[in-house]
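For reference, protein.txt is printed below; it contains compact mmCIF, C-alpha atoms and all ligand atoms.
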```txt
# COMPACT_ATOMS: atom_id res chain seq x y z
CA MET A 1 -18.20 4.75 19.54
CA ARG A 2 -15.19 6.89 18.62
CA ALA A 3 -13.76 7.56 15.15
CA ALA A 4 -11.17 9.97 13.73
CA LEU A 5 -12.73 11.78 10.79
CA LEU A 6 -11.21 14.01 8.14
CA SER A 7 -13.44 17.07 8.05
CA GLY A 8 -11.40 19.30 5.73
CA PRO A 9 -7.84 20.12 4.69
CA LYS A 10 -5.48 19.50 7.63
CA ASN A 11 -8.41 18.93 9.96
CA VAL A 12 -8.75 15.58 11.74
CA GLU A 13 -11.27 15.33 14.57
CA VAL A 14 -12.10 12.49 16.93
CA GLN A 15 -15.87 12.29 17.18
CA ASP A 16 -18.52 10.14 18.81
CA VAL A 17 -20.28 8.38 15.95
CA ASP A 18 -23.16 5.90 15.69
CA GLU A 19 -22.38 2.21 16.07
CA PRO A 20 -22.21 0.64 12.60
CA GLU A 21 -25.41 -1.21 11.79
CA LEU A 22 -25.08 -4.80 10.59
CA MET A 23 -26.72 -5.30 7.17
CA ALA A 24 -27.28 -8.30 4.92
CA GLY A 25 -23.98 -9.25 3.28
CA SER A 26 -21.85 -7.38 5.78
CA LEU A 27 -19.64 -8.08 8.78
CA LEU A 28 -19.14 -6.01 11.90
CA VAL A 29 -15.41 -5.84 12.62
CA GLU A 30 -13.52 -4.57 15.66
CA ILE A 31 -10.40 -2.75 14.45
CA ILE A 32 -7.17 -3.96 16.07
CA TYR A 33 -4.75 -1.82 14.06
CA CYS A 34 -5.03 0.56 11.14
CA GLY A 35 -1.88 1.63 9.29
CA VAL A 36 -1.41 5.23 8.22
CA GLY A 37 -0.74 5.22 4.48
CA GLY A 38 0.58 7.74 1.98
CA SER A 39 -2.93 8.28 0.65
CA ASP A 40 -4.13 9.15 4.17
CA SER A 41 -1.43 11.83 4.34
CA GLU A 42 -2.41 13.12 0.89
CA ALA A 43 -6.06 13.26 1.96
CA TYR A 44 -5.06 15.11 5.14
CA GLU A 45 -3.27 17.76 3.07
CA SER A 46 -6.04 18.19 0.50
CA GLY A 47 -9.14 17.34 2.53
CA LEU A 48 -10.27 15.25 -0.47
CA LEU A 49 -11.36 11.63 -0.24
CA ALA A 50 -12.79 9.11 -2.72
CA ALA A 51 -15.17 8.13 0.11
CA PRO A 52 -15.18 8.69 3.89
CA ALA A 53 -14.17 5.04 4.46
CA TRP A 54 -10.98 5.59 2.40
CA PHE A 55 -9.46 7.52 5.34
CA GLY A 56 -7.92 4.59 7.23
CA HIS A 57 -8.11 1.59 4.91
CA GLU A 58 -5.03 -0.47 5.89
CA TRP A 59 -6.72 -2.33 8.70
CA VAL A 60 -6.64 -5.60 10.59
CA GLY A 61 -9.52 -6.59 12.82
CA ARG A 62 -11.59 -9.26 14.48
CA VAL A 63 -15.06 -10.23 13.29
CA LEU A 64 -17.66 -9.38 15.95
CA GLU A 65 -20.90 -10.19 14.11
CA VAL A 66 -21.82 -11.88 10.85
CA GLY A 67 -24.72 -10.45 8.84
CA PRO A 68 -27.60 -12.48 7.40
CA GLY A 69 -26.92 -14.54 4.33
CA ILE A 70 -23.18 -15.03 4.86
CA SER A 71 -21.35 -18.31 5.05
CA GLY A 72 -17.65 -18.89 5.55
CA HIS A 73 -17.10 -16.21 8.20
CA PHE A 74 -17.49 -16.47 11.95
CA PRO A 75 -17.16 -14.26 15.06
CA GLY A 76 -13.63 -14.14 16.46
CA GLU A 77 -11.97 -14.64 13.07
CA ARG A 78 -8.98 -12.33 12.31
CA VAL A 79 -9.32 -10.55 8.98
CA VAL A 80 -7.82 -7.78 6.88
CA GLY A 81 -9.71 -5.39 4.65
CA ALA A 82 -8.82 -6.26 1.07
CA VAL A 83 -10.81 -6.59 -2.11
CA SER A 84 -13.54 -8.87 -3.41
CA PRO A 85 -13.14 -11.31 -6.26
CA PRO A 86 -14.63 -9.89 -9.51
CA CYS A 87 -18.41 -9.52 -9.14
CA GLY A 88 -19.19 -11.11 -12.49
CA SER A 89 -22.03 -8.73 -13.33
CA CYS A 90 -20.62 -5.21 -13.88
CA ASP A 91 -19.76 -3.92 -17.40
CA GLN A 92 -16.08 -4.73 -16.96
CA CYS A 93 -16.74 -8.25 -15.68
CA ARG A 94 -19.22 -8.97 -18.50
CA ALA A 95 -16.56 -7.83 -20.97
CA GLY A 96 -14.09 -10.32 -19.49
CA LEU A 97 -12.09 -7.60 -17.73
CA GLY A 98 -12.65 -8.80 -14.17
CA GLN A 99 -9.33 -7.36 -13.01
CA TRP A 100 -11.00 -3.96 -13.40
CA CYS A 101 -14.27 -5.00 -11.77
CA LYS A 102 -16.20 -1.86 -10.87
CA SER A 103 -17.52 -3.12 -7.54
CA SER A 104 -14.10 -4.49 -6.50
CA LEU A 105 -12.60 -1.06 -7.12
CA GLU A 106 -15.39 0.61 -5.16
CA MET A 107 -14.63 -1.71 -2.25
CA ILE A 108 -10.92 -0.84 -2.26
CA LEU A 109 -11.90 2.83 -2.11
CA GLY A 110 -14.51 2.25 0.61
CA ALA A 111 -17.16 3.59 -1.77
CA ASP A 112 -19.36 0.47 -1.87
CA PRO A 113 -22.94 0.44 -0.52
CA LEU A 114 -22.04 -1.53 2.64
CA ALA A 115 -19.04 0.60 3.68
CA SER A 116 -19.20 2.47 6.99
CA PRO A 117 -19.53 6.27 6.84
CA HIS A 118 -15.97 6.42 8.20
CA GLY A 119 -12.71 4.54 7.76
CA ALA A 120 -10.89 2.24 10.15
CA PHE A 121 -9.47 4.98 12.33
CA ALA A 122 -12.46 3.87 14.39
CA GLU A 123 -13.24 1.28 17.03
CA ARG A 124 -15.54 -0.73 14.77
CA ILE A 125 -16.58 -0.73 11.12
CA ARG A 126 -19.08 -2.46 8.87
CA VAL A 127 -17.68 -4.07 5.71
CA ASP A 128 -18.96 -6.08 2.77
CA ALA A 129 -18.09 -9.67 3.68
CA ARG A 130 -16.72 -10.28 0.17
CA ARG A 131 -13.82 -7.92 0.72
CA VAL A 132 -12.28 -9.39 3.86
CA THR A 133 -9.52 -11.97 3.80
CA ARG A 134 -8.73 -14.31 6.71
CA ILE A 135 -5.25 -13.90 8.20
CA PRO A 136 -3.19 -17.10 8.05
CA GLU A 137 -1.66 -18.50 11.23
CA GLY A 138 1.90 -17.33 11.57
CA VAL A 139 1.08 -13.70 10.76
CA ASP A 140 0.61 -11.63 13.91
CA ASN A 141 -1.77 -8.70 14.12
CA ARG A 142 0.86 -5.98 13.75
CA ASP A 143 2.38 -7.58 10.67
CA ALA A 144 -1.07 -8.22 9.20
CA ALA A 145 -1.64 -4.45 9.18
CA LEU A 146 0.92 -4.38 6.35
CA ALA A 147 -1.11 -6.79 4.19
CA GLU A 148 -2.69 -3.97 2.18
CA PRO A 149 0.56 -2.17 1.18
CA ALA A 150 2.18 -5.60 0.62
CA SER A 151 -0.65 -6.41 -1.80
CA VAL A 152 -0.01 -3.12 -3.63
CA ALA A 153 3.69 -4.01 -3.94
CA ALA A 154 2.91 -7.59 -5.03
CA HIS A 155 0.60 -6.28 -7.75
CA ALA A 156 3.35 -3.92 -8.98
CA VAL A 157 5.87 -6.77 -9.24
CA VAL A 158 3.38 -8.86 -11.22
CA ARG A 159 2.62 -5.87 -13.45
CA SER A 160 6.34 -5.25 -14.07
CA ASN A 161 6.83 -8.51 -16.01
CA MET A 162 10.34 -8.60 -14.52
CA ALA A 163 12.55 -11.52 -15.52
CA LEU A 164 14.93 -13.79 -13.64
CA GLY A 165 18.25 -12.04 -13.03
CA ASP A 166 16.95 -8.54 -13.75
CA LEU A 167 18.66 -5.49 -12.34
CA VAL A 168 15.89 -3.68 -10.45
CA VAL A 169 15.81 -0.12 -9.13
CA VAL A 170 13.33 1.13 -6.51
CA VAL A 171 12.83 4.90 -6.22
CA GLY A 172 11.52 5.63 -2.72
CA ALA A 173 12.04 3.39 0.32
CA GLY A 174 8.85 4.03 2.25
CA ALA A 175 6.76 1.03 3.21
CA ILE A 176 5.84 0.21 -0.41
CA GLY A 177 9.44 0.65 -1.58
CA CYS A 178 10.83 -1.62 1.16
CA LEU A 179 8.21 -4.25 0.28
CA LEU A 180 9.16 -3.95 -3.40
CA VAL A 181 12.82 -4.56 -2.56
CA GLN A 182 11.95 -7.87 -0.94
CA LEU A 183 9.38 -8.96 -3.51
CA ALA A 184 11.72 -8.16 -6.42
CA ARG A 185 14.37 -10.32 -4.73
CA LEU A 186 11.87 -13.13 -4.20
CA ASN A 187 10.90 -12.80 -7.87
CA GLY A 188 14.50 -13.37 -9.01
CA ALA A 189 16.17 -9.95 -9.24
CA ALA A 190 19.98 -10.23 -9.40
CA HIS A 191 20.34 -6.82 -7.75
CA VAL A 192 17.98 -4.26 -6.26
CA VAL A 193 19.27 -0.69 -6.05
CA VAL A 194 17.38 1.88 -3.99
CA VAL A 195 17.19 5.67 -4.37
CA GLU A 196 15.94 7.33 -1.17
CA PRO A 197 16.83 10.60 0.59
CA ASP A 198 16.36 9.33 4.18
CA PRO A 199 19.50 7.55 5.53
CA PHE A 200 17.50 5.39 7.97
CA ARG A 201 15.31 4.10 5.15
CA ARG A 202 18.35 3.45 2.93
CA GLU A 203 19.83 1.27 5.68
CA LEU A 204 16.48 -0.45 6.22
CA ALA A 205 16.23 -1.23 2.51
CA CYS A 206 19.73 -2.76 2.56
CA ASP A 207 18.81 -4.86 5.64
CA LEU A 208 15.83 -6.16 3.66
CA GLY A 209 17.88 -7.19 0.65
CA ALA A 210 18.84 -4.15 -1.41
CA THR A 211 22.31 -4.48 -2.96
CA ALA A 212 23.01 -0.75 -2.55
CA ALA A 213 21.09 2.40 -1.65
CA PHE A 214 21.83 5.97 -2.63
CA GLY A 215 20.44 9.43 -1.97
CA PRO A 216 19.06 11.50 -4.85
CA GLY A 217 21.81 12.58 -7.27
CA PRO A 218 24.13 10.96 -9.78
CA GLU A 219 25.47 8.13 -7.53
CA ALA A 220 22.75 5.61 -8.35
CA VAL A 221 23.08 6.11 -12.11
CA GLN A 222 26.90 5.88 -11.77
CA TRP A 223 26.56 2.61 -9.82
CA LEU A 224 24.22 1.24 -12.47
CA ALA A 225 26.63 2.23 -15.24
CA LYS A 226 29.46 0.43 -13.47
CA HIS A 227 27.62 -2.71 -12.35
CA GLY A 228 24.77 -3.12 -14.78
CA HIS A 229 25.37 -4.91 -18.05
CA CYS A 230 23.12 -2.40 -19.68
CA LEU A 231 23.71 1.07 -18.21
CA GLY A 232 20.59 1.16 -16.10
CA GLY A 233 17.83 -0.82 -14.47
CA ASP A 234 15.96 -3.44 -16.45
CA VAL A 235 12.95 -2.59 -14.28
CA VAL A 236 12.55 0.58 -12.22
CA PHE A 237 9.74 1.02 -9.70
CA SER A 238 8.60 4.56 -8.91
CA ALA A 239 7.28 4.26 -5.36
CA SER A 240 7.60 7.72 -3.86
CA GLY A 241 5.06 10.48 -3.36
CA ASP A 242 7.62 12.97 -4.71
CA PRO A 243 6.29 14.41 -8.02
CA GLU A 244 9.80 14.04 -9.52
CA ALA A 245 10.03 10.33 -8.64
CA LEU A 246 8.72 9.19 -12.01
CA THR A 247 11.29 11.35 -13.82
CA SER A 248 14.07 9.91 -11.62
CA ALA A 249 12.78 6.42 -12.35
CA VAL A 250 12.89 6.98 -16.11
CA GLN A 251 16.44 8.31 -15.85
CA ALA A 252 17.51 5.19 -13.93
CA ALA A 253 16.12 2.79 -16.55
CA ARG A 254 18.27 1.23 -19.26
CA LEU A 255 17.61 1.66 -22.97
CA GLY A 256 14.39 -0.22 -23.61
CA GLY A 257 13.84 -0.72 -19.88
CA THR A 258 10.54 -0.76 -18.01
CA VAL A 259 9.34 1.81 -15.50
CA VAL A 260 6.46 0.89 -13.20
CA ALA A 261 4.45 3.73 -11.63
CA VAL A 262 3.17 2.23 -8.38
CA GLY A 263 -0.09 3.25 -6.76
CA VAL A 264 1.04 6.80 -6.06
CA SER A 265 -1.18 9.57 -7.26
CA GLY A 266 -0.10 13.14 -7.89
CA ASP A 267 1.37 14.65 -11.03
CA SER A 268 4.29 13.38 -13.07
CA GLY A 269 6.59 16.35 -12.35
CA SER A 270 8.85 17.36 -15.20
CA LEU A 271 8.61 14.06 -17.11
CA ALA A 272 8.46 14.71 -20.85
CA SER A 273 7.28 12.23 -23.47
CA ALA A 274 10.69 12.58 -25.17
CA ASP A 275 12.29 11.01 -22.06
CA LEU A 276 10.29 7.88 -22.79
CA ILE A 277 10.46 7.91 -26.59
CA GLU A 278 14.17 8.49 -27.13
CA ARG A 279 15.15 5.45 -25.09
CA GLU A 280 12.04 3.41 -25.84
CA ILE A 281 11.08 3.12 -22.18
CA THR A 282 8.01 1.03 -21.45
CA LEU A 283 5.86 2.75 -18.84
CA ARG A 284 3.56 0.44 -16.93
CA ALA A 285 1.03 1.61 -14.36
CA SER A 286 0.09 -0.41 -11.30
CA ARG A 287 -3.12 0.54 -9.55
CA GLY A 288 -4.29 -1.11 -6.36
CA TYR A 289 -4.32 -4.91 -6.29
CA GLY A 290 -6.47 -7.94 -6.88
CA ILE A 291 -7.49 -10.71 -4.54
CA ALA A 292 -4.66 -12.94 -5.87
CA ASP A 293 -2.13 -10.27 -4.80
CA VAL A 294 -3.56 -10.27 -1.26
CA HIS A 295 -3.15 -14.05 -1.03
CA ARG A 296 0.40 -13.80 -2.42
CA ALA A 297 1.33 -11.17 0.15
CA LEU A 298 -0.20 -12.97 3.14
CA GLU A 299 1.28 -16.35 2.22
CA LEU A 300 4.75 -14.85 1.81
CA MET A 301 4.35 -13.15 5.20
CA ALA A 302 3.14 -16.40 6.81
CA GLY A 303 6.14 -18.24 5.40
CA ASP A 304 8.45 -15.56 6.84
CA ARG A 305 9.73 -14.77 3.37
CA LEU A 306 8.28 -11.26 3.32
CA ARG A 307 9.47 -9.50 6.47
CA VAL A 308 7.42 -6.49 7.53
CA SER A 309 7.99 -6.00 11.26
CA GLY A 310 11.04 -3.78 10.65
CA LEU A 311 8.87 -1.38 8.66
CA ILE A 312 6.63 -0.60 11.64
CA GLN A 313 7.23 2.06 14.31
CA SER A 314 7.39 0.40 17.74
CA GLU A 315 5.15 3.03 19.33
CA THR A 316 1.47 2.66 18.44
CA LEU A 317 -0.74 5.74 18.05
CA GLY A 318 -4.20 6.21 19.55
CA LEU A 319 -7.03 8.02 17.76
CA ASP A 320 -6.26 11.17 19.72
CA ASP A 321 -2.67 11.18 18.43
CA LEU A 322 -3.65 11.27 14.75
CA ALA A 323 -4.07 15.02 14.30
CA GLN A 324 -0.65 15.70 15.77
CA HIS A 325 0.84 12.84 13.76
CA PHE A 326 -0.36 14.23 10.44
CA ALA A 327 0.77 17.75 11.34
CA ALA A 328 4.26 16.43 12.13
CA THR A 329 4.44 14.15 9.06
CA ALA A 330 4.71 17.20 6.84
CA LYS A 331 8.18 17.67 8.33
CA SER A 332 8.96 13.96 7.80
CA GLN A 333 9.42 11.69 10.76
CA PRO A 334 12.49 9.58 11.52
CA GLY A 335 12.50 5.82 11.87
CA PRO A 336 10.51 3.02 10.22
CA PRO A 337 8.04 4.28 7.63
CA LYS A 338 4.79 2.71 8.87
CA HIS A 339 2.78 4.02 11.82
CA LEU A 340 -0.05 1.94 13.26
CA VAL A 341 -3.11 3.28 15.03
CA ALA A 342 -4.81 1.15 17.69
CA PRO A 343 -8.29 2.75 17.86
CA THR A 344 -9.16 1.30 21.27
CA GLN A 345 -5.87 2.42 22.82
CA ALA A 346 -6.39 4.82 25.75
CA LYS A 347 -5.23 8.40 25.41
ZN ZN B 1 -17.49 -6.73 -11.68
```

Translate the structure described by the file into structure tokens.
Amino acid sequence: MRAALLSGPKNVEVQDVDEPELMAGSLLVEIIYCGVGGSDSEAYESGLLAAPAWFGHEWVGRVLEVGPGISGHFPGERVVGAVSPPCGSCDQCRAGLGQWCKSSLEMILGADPLASPHGAFAERIRVDARRVTRIPEGVDNRDAALAEPASVAAHAVVRSNMALGDLVVVVGAGAIGCLLVQLARLNGAAHVVVVEPDPFRRELACDLGATAAFGPGPEAVQWLAKHGHCLGGDVVFSASGDPEALTSAVQAARLGGTVVAVGVSGDSGSLASADLIEREITLRASRGYGIADVHRALELMAGDRLRVSGLIQSETLGLDDLAQHFAATAKSQPGPPKHLVAPTQAK
């Protein structure tokens, strides 16, 4: 079986690997599509991974075999890789903090005992049955590949505590940013303003419901001063891999506003604590997602209220295209932000 493995900084190799072995509590899944995420690009640059299975974690697949001791799953079922409900027995769960369940987090990172020794840039993987979620009818396979980033965005909106009629700003209109635009609208934002350097992505964000979109610079803050009742965003999402994104987000927030740092690692650039203190900015972090966020995202997609097809590049990559894709991504690629890999696609 073939898999694309990260073997060091800027080194992706397609290798023949052992077929995943079905174990008690696990499923064997054939990968239909795996999205290339920002964290995959970061891992490509650094060569560092939380676990081998983290490289290629935005996947949709079909269950091939069901391991012993599992009920509720069957061969042929379409599933996405997500996260388990809280385990109930780790330190966090016993303390009543199930949203930070240790084993759930390990599963998101592909660091759990049943994870394959590679991610889903592979023809087949083994997964803990507790972490897969069935795809509702009405969500096709390509769109379902966006379930994971949509769950990240849904979690961020829940974490933001945004209120009906809020003026929302989204810094960065990659896949997560474009999903945030739509989810903020669905959650009652009066306006969503986007800050994004790429003109294609600005237009995409406006097609998906943004009121206005601006490149980096003073225009967004000027628009907010003119149109906002409060000289800035009530809630500002920082959803870009740019180290200065968090600083830009703080600058776009109103006095007493909220900034949400969304699932993007890296440093905080030139952000100083005084930037937060002087205007009493509330900084909220949003890491990953919970099982409720996955259900929210999939149900909104099934109801055609969260539109993701416009975020996906029409051309699908094969495993052999990945190395070249990552090398080119450093120069930024035009068009929709999300690339899908079909691991069984011929070269
Ligand atoms: Zn737990």

- Find the residues around Glu219 in chain A up to 12 Å (all atoms listed in the file counted), leave out those fewer than 4 positions away in its own chain, and share them as an MDAnalysis selection string. chainID A and resid 193:196 212:215 223:226 252

- Task: May I have the residues at most 8 Å from (3.9, 5.4, -0.2) in the file's coordinates, counting all atoms listed in the file, as a ChimeraX atom specification?
- Result: /A:37-39,174-177,239-241,263-264

Determine the axis-aligned bounding box of all atoms of range 316-324 of chain A present in the file, pad each side by 8 Å, and express its centre and edge lengths in Å to one decimal place as AutoDock Vina command-line options.
```
--center_x -2.8 --center_y 9.2 --center_z 17.0 --size_x 24.5 --size_y 29.0 --size_z 21.4
```

Counting only C-alpha atoms and all ligand atoms, give me one row per residue of chain A with an atom at most 6 Å from an atom of ligand ZN 1 (chain B), showing the shortest contact pair and its distance in Å to one decimal, sorted by chain then residue number, as CSV.
```
residue,atom,partner,partner_atom,distance
A:Pro86,CA,B:ZN1,ZN,4.8
A:Cys87,CA,B:ZN1,ZN,3.9
A:Gly88,CA,B:ZN1,ZN,4.8
A:Ser89,CA,B:ZN1,ZN,5.2
A:Cys90,CA,B:ZN1,ZN,4.1
A:Gln92,CA,B:ZN1,ZN,5.8
A:Cys93,CA,B:ZN1,ZN,4.3
A:Gly98,CA,B:ZN1,ZN,5.8
A:Cys101,CA,B:ZN1,ZN,3.7
A:Lys102,CA,B:ZN1,ZN,5.1
A:Ser103,CA,B:ZN1,ZN,5.5
```

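Picture a line from CA of Ser26 in chain A to CA of Ala153 in chain A; it runs 27.5 Å.
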
- Polymer residues at most 7 Å from (-25.4, -8.2, 6.3) by all atoms listed in the file, as a PyMOL selection string: chain A and resi 22-27+66-69

Quick one: write out the picked residues with C-alpha atoms as an mmCIF file, keeping the file's coordinate frame?
```
data_model
loop_
_atom_site.group_PDB
_atom_site.id
_atom_site.type_symbol
_atom_site.label_atom_id
_atom_site.label_comp_id
_atom_site.auth_asym_id
_atom_site.auth_seq_id
_atom_site.Cartn_x
_atom_site.Cartn_y
_atom_site.Cartn_z
ATOM 1 C CA LEU A 22 -25.080 -4.800 10.590
ATOM 2 C CA MET A 23 -26.720 -5.300 7.170
ATOM 3 C CA ALA A 24 -27.280 -8.300 4.920
ATOM 4 C CA GLY A 25 -23.980 -9.250 3.280
ATOM 5 C CA SER A 26 -21.850 -7.380 5.780
ATOM 6 C CA LEU A 27 -19.640 -8.080 8.780
ATOM 7 C CA VAL A 66 -21.820 -11.880 10.850
ATOM 8 C CA GLY A 67 -24.720 -10.450 8.840
ATOM 9 C CA PRO A 68 -27.600 -12.480 7.400
ATOM 10 C CA GLY A 69 -26.920 -14.540 4.330
#
```

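For the pair CA of Val181 in chain A and CA of Val132 in chain A, the separation is 26.4 Å.
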
- Message: Give me, as number ranges by chain, all polymer residues having an atom no more than 9 Å from Arg134 in chain A, counting only C-alpha atoms and skipping those fewer than 4 positions away in the same chain.
- Response: A: 73, 77-80

- Query: Can you tell me how far CA of Tyr44 in chain A sits from CA of Cys178 in chain A, in Å to one decimal?
  - Reply: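 So the answer is 23.4 Å.
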
Could I get the residues of range 219-330 of chain A with an atom no further than 12 Å from an atom of range 187-190 of chain A, each paired with its nearest atom pair and that distance in Å to one decimal, using all atoms listed in the file, sorted by chain and residue number, as a tab-separated table?
```
residue	atom	partner	partner_atom	distance
A:His227	CA	A:Ala190	CA	11.1
A:Gly228	CA	A:Ala190	CA	10.1
A:His229	CA	A:Ala190	CA	11.5
A:Gly233	CA	A:Ala189	CA	10.7
A:Asp234	CA	A:Ala189	CA	9.7
A:Val235	CA	A:Ala189	CA	9.5
A:Val236	CA	A:Ala189	CA	11.5
A:Arg296	CA	A:Asn187	CA	11.9
A:Leu300	CA	A:Asn187	CA	11.7
A:Arg305	CA	A:Asn187	CA	11.5
A:Leu306	CA	A:Asn187	CA	11.6
```

Could the residues in this selection be saved with C-alpha atoms as a compact mmCIF listing (two decimals), in the coordinates of the input?
```
# COMPACT_ATOMS: atom_id res chain seq x y z
CA HIS A 227 27.62 -2.71 -12.35
CA GLY A 228 24.77 -3.12 -14.78
CA HIS A 229 25.37 -4.91 -18.05
CA GLY A 233 17.83 -0.82 -14.47
CA ASP A 234 15.96 -3.44 -16.45
CA VAL A 235 12.95 -2.59 -14.28
CA VAL A 236 12.55 0.58 -12.22
CA ARG A 296 0.40 -13.80 -2.42
CA LEU A 300 4.75 -14.85 1.81
CA ARG A 305 9.73 -14.77 3.37
CA LEU A 306 8.28 -11.26 3.32
```

- Task: Write out as an MDAnalysis selection string which residues come within 12 Å of Met301 in chain A when counting all atoms listed in the file, dropping same-chain ones fewer than 2 positions away.
- Result: chainID A and resid 135:148 150:151 154 179 182:183 294:299 303:309

- Item | Spatial neighbours of range 51-54 of chain A, max dist 6 Å, only C-alpha atoms, sep filter under 6 positions, as a PyMOL selection string | chain A and resi 109-111+117-119

- Query: Given the choices A:Val127, A:Ile70, A:Glu45, A:Asp91, which gets closest to Glu21 in chain A if the distance is worked out from only C-alpha atoms?
  - Reply: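 Closest residue, counting only C-alpha atoms: A:Val127.
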
- Query: Using only C-alpha atoms, which of A:Asp16, A:Arg94, A:Ala205, A:Ile108 sits nearest His57 in chain A?
  - Reply: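 Closest to His57 in chain A of all the choices is A:Ile108.
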
- So, counting only C-alpha atoms, which residue among A:Ala120, A:Ile312, A:Ala245, A:Ala43 is closest to Gly172 in chain A?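 Nearest to Gly172 in chain A: A:Ala245.
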
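Comparing A:Asp40, A:Glu30, A:Glu58, A:Glu278 by their smallest distance to Val12 in chain A, the closest is A:Asp40 (using all atoms listed in the file).
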